[in-house]
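**Student:** Before I ask anything, let me first share the structure, which is written out below as structure tokens.
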Amino acid sequence: MYDQSTTIGQFLQAAAARQPTPGGGSVTALAGALAAAMGEMTLNYSVGRKGHEEFDDELRPVLAELTRARELLVRLMVEDQGVYEAMTAARKLPESNPERQKRFDAALLACIRVPQAVAATAVAILELVDRVTNFVNPHLLSDLAVCADLAMATTRCAVYNVRANLPDLKEAADRSTVEGSIRGLLTHAATLIQRVAPRIWERHEQELGA
């Protein structure tokens with residue numbers, strides 16, 4: 001299992017190898033964790049900034065939420081590997097095994113819910129960026145832009161990972177419900193990035209003359 005104790009080199013080597021995990025789901029969760037980390041760095045350079053202490057009450061809660069988002073996404077990165085392995089194990093059971101369908105259904109649900117959680121967390125990161133764009137240290141606005149774009153990419157990729165598993169859902173109504181949920185997350189994320197990205201660079205130009 002590849003987790004936060006794995007080196008960057010080891011993770012990249014494993015992701016590139018001919019092996020199923022870490023795959024797209026874990027890579028997506030890691031991208032989201034990096035998005036949160038860039039947001040945290042931006043906030044850490046903004047909280048307590050001399051002459052701008054008036055914004056601290058707005059910034060400190062966001063910093064704490066970004067830290068929680070990063071920690072959650074790292075856990076989801078690991079969980080994604082586990083649920084994929086459970087799915088693979090269920091598929092390998094003989095059709096005659098009475099436990100096969102129950103284990104497959106449970107693993108399938110987990111394989112949908114984990115990337116759903118990744119997408120929802122990434123959207124939450126975008127919402128946090130939206131809250132603080134006007135208050136952060138202007139010298140860190142490019143890092144905030146990286147945070148926002150990585151969060152958008154994380155949302156999109158997590159949706160891909162959900163959709164990859166939808167065909168295995170037996171009931172059309174269940175597929176429709178899940179599709180509606182992830183479509184809503186993707187639409188909300190797109191709205192946020194379209195609002196946030198221009199504001200970041202407008203403020204950058206206004207304050208730093210770029």
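Residue numbering restarts at 1 in every chain; chains get A, B, ... in the order shown in the structure tokens, and ligands count up from 1 in that same order.
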Wanna dump the stretch 96-165 of chain A-stretch 198-206 of chain A contacts at 9 Å for me, each residue with its shortest atom pair and the distance in Å to one decimal, counting only C-alpha atoms, ordered by chain and number, as a Markdown table?
**Tutor:**
| residue | atom | partner | partner_atom | distance |
| --- | --- | --- | --- | --- |
| A:Thr133 | CA | A:Ile200 | CA | 6.3 |
| A:Asn134 | CA | A:Arg203 | CA | 7.5 |
| A:Pro138 | CA | A:His204 | CA | 6.3 |
| A:His139 | CA | A:His204 | CA | 8.0 |
| A:Leu141 | CA | A:Ile200 | CA | 6.3 |
| A:Ser142 | CA | A:Ile200 | CA | 7.8 |
| A:Leu144 | CA | A:Ile200 | CA | 7.8 |
| A:Ala145 | CA | A:Ile200 | CA | 6.8 |
**Student:** Just how far from atom CA of A:Gln101 is atom CA of A:Pro167, in Å to one decimal?
**Tutor:**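 The value is 15.6 Å.
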**Student:** Could you tell me which of A:Val159, A:Met77, A:Ala90, A:Ala151 comes closest to A:Gly184 if we count only C-alpha atoms?
**Tutor:**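 Nearest to A:Gly184: A:Val159.
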**Student:** Residues of stretch 55-160 of chain A within 7 Å of stretch 47-51 of chain A: nearest atom pair and distance (Å, one decimal) for each, counting only C-alpha atoms, sorted by chain and number, as CSV?
**Tutor:**
residue,atom,partner,partner_atom,distance
A:Asp56,CA,A:Val47,CA,5.4
A:Leu59,CA,A:Val47,CA,6.4
A:Arg60,CA,A:Val47,CA,6.7
**Student:** Extract, using only C-alpha atoms, all DNA, RNA and protein residues at most 10 Å from A:Leu30, discarding same-chain residues fewer than 5 positions from it, and format them as an MDAnalysis selection string.
**Tutor:** chainID A and resid 3:4 24:25 35:36 70 73:78 118 154
**Student:** Out of A:Leu93, A:Leu128, A:Leu12, A:Val83, which residue has the shortest atom-to-atom distance to A:Ala69 when counting only C-alpha atoms?
**Tutor:**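 When distances to A:Ala69 are compared using only C-alpha atoms, the smallest one comes from A:Leu128.
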**Student:** Calculated over only C-alpha atoms, which of the candidates A:Ala158, A:Val136, A:Leu108, A:Ala14 has the smallest distance to A:Glu54?
**Tutor:**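 Result for the nearest residue to A:Glu54: A:Val136.
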**Student:** Near A:Arg113, within 10 Å and counting only C-alpha atoms, which residues show up once chain neighbours fewer than 3 positions away are dropped, as an MDAnalysis selection string?
**Tutor:** chainID A and resid 80 83 107:110 116:119 162 178
**Student:** Generate the output file for the selected residues, N, CA and C atoms, as an mmCIF file, in the first residue's frame.
**Tutor:**
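Generated file (again23.cif):
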data_model
loop_
_atom_site.group_PDB
_atom_site.id
_atom_site.type_symbol
_atom_site.label_atom_id
_atom_site.label_comp_id
_atom_site.auth_asym_id
_atom_site.auth_seq_id
_atom_site.Cartn_x
_atom_site.Cartn_y
_atom_site.Cartn_z
ATOM 1 N N ASP A 80 -8.412 4.314 -1.691
ATOM 2 C CA ASP A 80 -8.681 3.956 -3.091
ATOM 3 C C ASP A 80 -7.960 2.672 -3.478
ATOM 4 N N VAL A 83 -9.895 -0.323 -1.827
ATOM 5 C CA VAL A 83 -11.192 -0.704 -2.409
ATOM 6 C C VAL A 83 -11.001 -1.336 -3.785
ATOM 7 N N ALA A 107 -17.789 -3.805 -2.654
ATOM 8 C CA ALA A 107 -16.576 -3.221 -3.214
ATOM 9 C C ALA A 107 -16.908 -2.184 -4.283
ATOM 10 N N LEU A 108 -17.922 -2.477 -5.094
ATOM 11 C CA LEU A 108 -18.336 -1.532 -6.133
ATOM 12 C C LEU A 108 -18.806 -0.224 -5.524
ATOM 13 N N LEU A 109 -19.617 -0.325 -4.489
ATOM 14 C CA LEU A 109 -20.104 0.884 -3.824
ATOM 15 C C LEU A 109 -18.939 1.713 -3.284
ATOM 16 N N ALA A 110 -17.951 1.030 -2.701
ATOM 17 C CA ALA A 110 -16.783 1.743 -2.179
ATOM 18 C C ALA A 110 -15.980 2.382 -3.304
ATOM 19 N N GLN A 116 -16.064 9.866 -5.256
ATOM 20 C CA GLN A 116 -17.068 10.894 -4.966
ATOM 21 C C GLN A 116 -16.589 11.792 -3.828
ATOM 22 N N ALA A 117 -16.029 11.174 -2.801
ATOM 23 C CA ALA A 117 -15.521 11.939 -1.659
ATOM 24 C C ALA A 117 -14.337 12.808 -2.072
ATOM 25 N N VAL A 118 -13.498 12.288 -2.949
ATOM 26 C CA VAL A 118 -12.372 13.078 -3.459
ATOM 27 C C VAL A 118 -12.891 14.308 -4.205
ATOM 28 N N ALA A 119 -13.872 14.098 -5.063
ATOM 29 C CA ALA A 119 -14.441 15.217 -5.825
ATOM 30 C C ALA A 119 -15.062 16.255 -4.897
ATOM 31 N N VAL A 162 -15.364 7.888 -10.925
ATOM 32 C CA VAL A 162 -16.715 7.445 -10.588
ATOM 33 C C VAL A 162 -17.370 6.832 -11.829
ATOM 34 N N VAL A 178 -26.202 8.632 -9.061
ATOM 35 C CA VAL A 178 -24.772 8.910 -8.928
ATOM 36 C C VAL A 178 -24.317 9.899 -9.997
#
**Student:** Could you check the closest approach to A:Ala15 for each of A:Gly39, A:Leu34, A:Gln81, A:Asn137 and tell me which residue wins, using only C-alpha atoms?
**Tutor:**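 So, comparing all the options, the nearest one is A:Gln81.
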**Student:** Could you tell me which of A:Met1, A:Ala31, A:Leu66, A:Leu43 comes closest to A:Ile125 if we count only C-alpha atoms?
**Tutor:**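 The answer is A:Leu66, which sits nearest to A:Ile125.
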**Student:** Going by DSSP on the backbone, which residues of stretch 10-132 of chain A come out as alpha helix (DSSP H)? List them as a PyMOL selection string.
**Tutor:** chain A and resi 10-16+24-44+56-92+100-132
**Student:** Any idea what the distance is between atom CA of A:Glu127 and atom CA of A:Gly180?
**Tutor:**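 The value is 20.1 Å.
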